[in-house]
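The block underneath contains the structure these notes are about, expressed in structure tokens.
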Amino acid sequence: MKKLLFCISCLFASLGFAVEYKDLTLTNQDRENIHKLVKTLATKEWYSLLKRKGEMESLGEKIRKNVHPLPFLACILGDAERRRYLYEIREYTFMTRPVKWNPFKEGLFGRLDHMHSRNNLVPSIPGFAKELGVNPDCLIQYAKAKNWNKFLEYIMP
């Protein structure tokens, strides 16, 4: 049912209808998958993650198929433990390379691009910004410019 609602919202967006943030769904299973993803990325060493690459990609694919990137981010940033994990992912380096952060961003930025191209991002930003307690105008400006690095920096300084 949730997948059907997500597909309908994508269809409406592709036809030019604005999809509001409140209409984007996130199930308990989605939350569990997101938690497992960020916890595993944050708490495992990079070489351990290489051994679990298939498992992590499969989990990421489930999330990608079912969850719009804005509720995905809100799920992480709205929970103290998941937010801490996200900061740990960002700060982890191996030989000065952000080996966890770059792949995480690439996946997220690809989803943001996809939703933006379907007009299924900007209309949802005001509700997303309200949930996070940030200014929607800045996020809309970054989204319209497809400046995902600034978008992400703004919501997680």
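Residue numbers start at 1 in each chain; chains themselves are named A, B, ... in the order of the structure tokens; ligands are numbered from 1 in the order shown.
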
### Task
Please report, as a VMD selection string, each residue of region 2-154 of chain A to which DSSP assigns helix (DSSP H, G or I) when run on this structure's backbone.
chain A and resid 2 to 14 21 to 23 28 to 43 46 to 51 53 to 66 69 to 77 80 to 91 101 to 117 122 to 132 136 to 144 148 to 154

### Task
Fewer than 5 positions away in the same chain doesn't count, so skip those; otherwise give me all residues within 9 Å of Thr43 (chain A), counting only C-alpha atoms, as a list in words.
Val38, Tyr85, Glu88 and Ile89 of chain A

Output file for the selection above: C-alpha atoms, as a PDB file, in the first residue's frame:
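Saved file again-v3.pdb follows:
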ATOM      1  CA  VAL A  38      23.360   4.533   9.219  1.00  0.00           C
ATOM      2  CA  TYR A  85      25.693   8.196  13.360  1.00  0.00           C
ATOM      3  CA  GLU A  88      30.295   9.830  12.448  1.00  0.00           C
ATOM      4  CA  ILE A  89      29.892   8.739   8.825  1.00  0.00           C
TER       5      ILE A  89
END

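For Glu32 (chain A), the set of protein, DNA and RNA residues having any atom at most 12 Å away, when counting only C-alpha atoms and skipping those fewer than 4 positions along the same chain, is Leu26, Thr27, Asn28, Lys36, Leu37, Val38, Lys39, Thr40, Leu59, Lys62, Ile63, Phe72, Cys75, Ile76 and Arg82 of chain A.
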
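The space separating CA of Lys44 (chain A) from CA of Thr25 (chain A) comes to 29.1 Å.
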
### Message
Need to verify the contact set: region 100-110 of chain A, 6 Å, only C-alpha atoms, exclusion of same-chain residues closer than 2 positions in sequence. Can you return it as a list of chain:residue names?
### Response
A:Ile89, A:Arg90, A:Pro98, A:Leu112, A:Asp113

With N, CA and C atoms retained, export the selected residues as a short mmCIF file (atom, residue, chain, number, x, y, z; two decimals), in the first residue's frame.
data_model
loop_
_atom_site.label_atom_id
_atom_site.label_comp_id
_atom_site.auth_asym_id
_atom_site.auth_seq_id
_atom_site.Cartn_x
_atom_site.Cartn_y
_atom_site.Cartn_z
N ILE A 89 29.65 9.12 10.22
CA ILE A 89 29.89 8.74 8.82
C ILE A 89 30.62 9.86 8.11
N ARG A 90 30.17 11.08 8.32
CA ARG A 90 30.79 12.24 7.66
C ARG A 90 32.24 12.42 8.10
N PRO A 98 37.29 10.58 2.73
CA PRO A 98 35.99 10.30 3.36
C PRO A 98 35.33 9.08 2.71
N LEU A 112 18.04 12.88 -4.81
CA LEU A 112 17.58 14.27 -4.84
C LEU A 112 17.46 14.76 -6.28
N ASP A 113 18.44 14.43 -7.12
CA ASP A 113 18.38 14.79 -8.54
C ASP A 113 17.15 14.18 -9.20
#

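Between CA of Leu121 (chain A) and CA of Ala143 (chain A) there is a distance of 7.9 Å.
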
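Take the candidates A:Ile34, A:Met115, A:Leu41, A:Met95 and check each one against Asp79 (chain A) using only C-alpha atoms; the shortest distance goes to A:Ile34.
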
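Of note, CA of Glu55 (chain A) and CA of Leu24 (chain A) are spaced 26.0 Å apart.
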
### Task
Pick out the closest residue to Arg31 (chain A) from this set: A:Pro123, A:Gly54, A:Pro71, A:Pro136. Count only C-alpha atoms.
A:Pro71

### Query
Of the candidates A:Thr96, A:Asn135, A:Ser48, A:Asn66, which one gets nearest to Phe151 (chain A) if we count only C-alpha atoms?
A:Asn135

### Task
Name the residues in contact with Leu77 (chain A) at a cut-off of 9 Å, using only C-alpha atoms, excluding same-chain residues fewer than 5 positions from it; report them as number ranges by chain.
A: 72, 82-84, 86, 132, 155-156

With C-alpha atoms retained, could you export that selection as a short mmCIF file (atom, residue, chain, number, x, y, z; two decimals), in the first residue's frame?
data_model
loop_
_atom_site.label_atom_id
_atom_site.label_comp_id
_atom_site.auth_asym_id
_atom_site.auth_seq_id
_atom_site.Cartn_x
_atom_site.Cartn_y
_atom_site.Cartn_z
CA PHE A 72 14.89 9.82 4.71
CA ARG A 82 20.81 8.46 13.98
CA ARG A 83 22.01 12.07 13.71
CA ARG A 84 25.13 11.15 15.71
CA LEU A 86 25.41 10.49 10.35
CA LEU A 132 13.67 20.32 10.93
CA ILE A 155 20.55 21.01 7.43
CA MET A 156 23.51 19.39 9.16
#
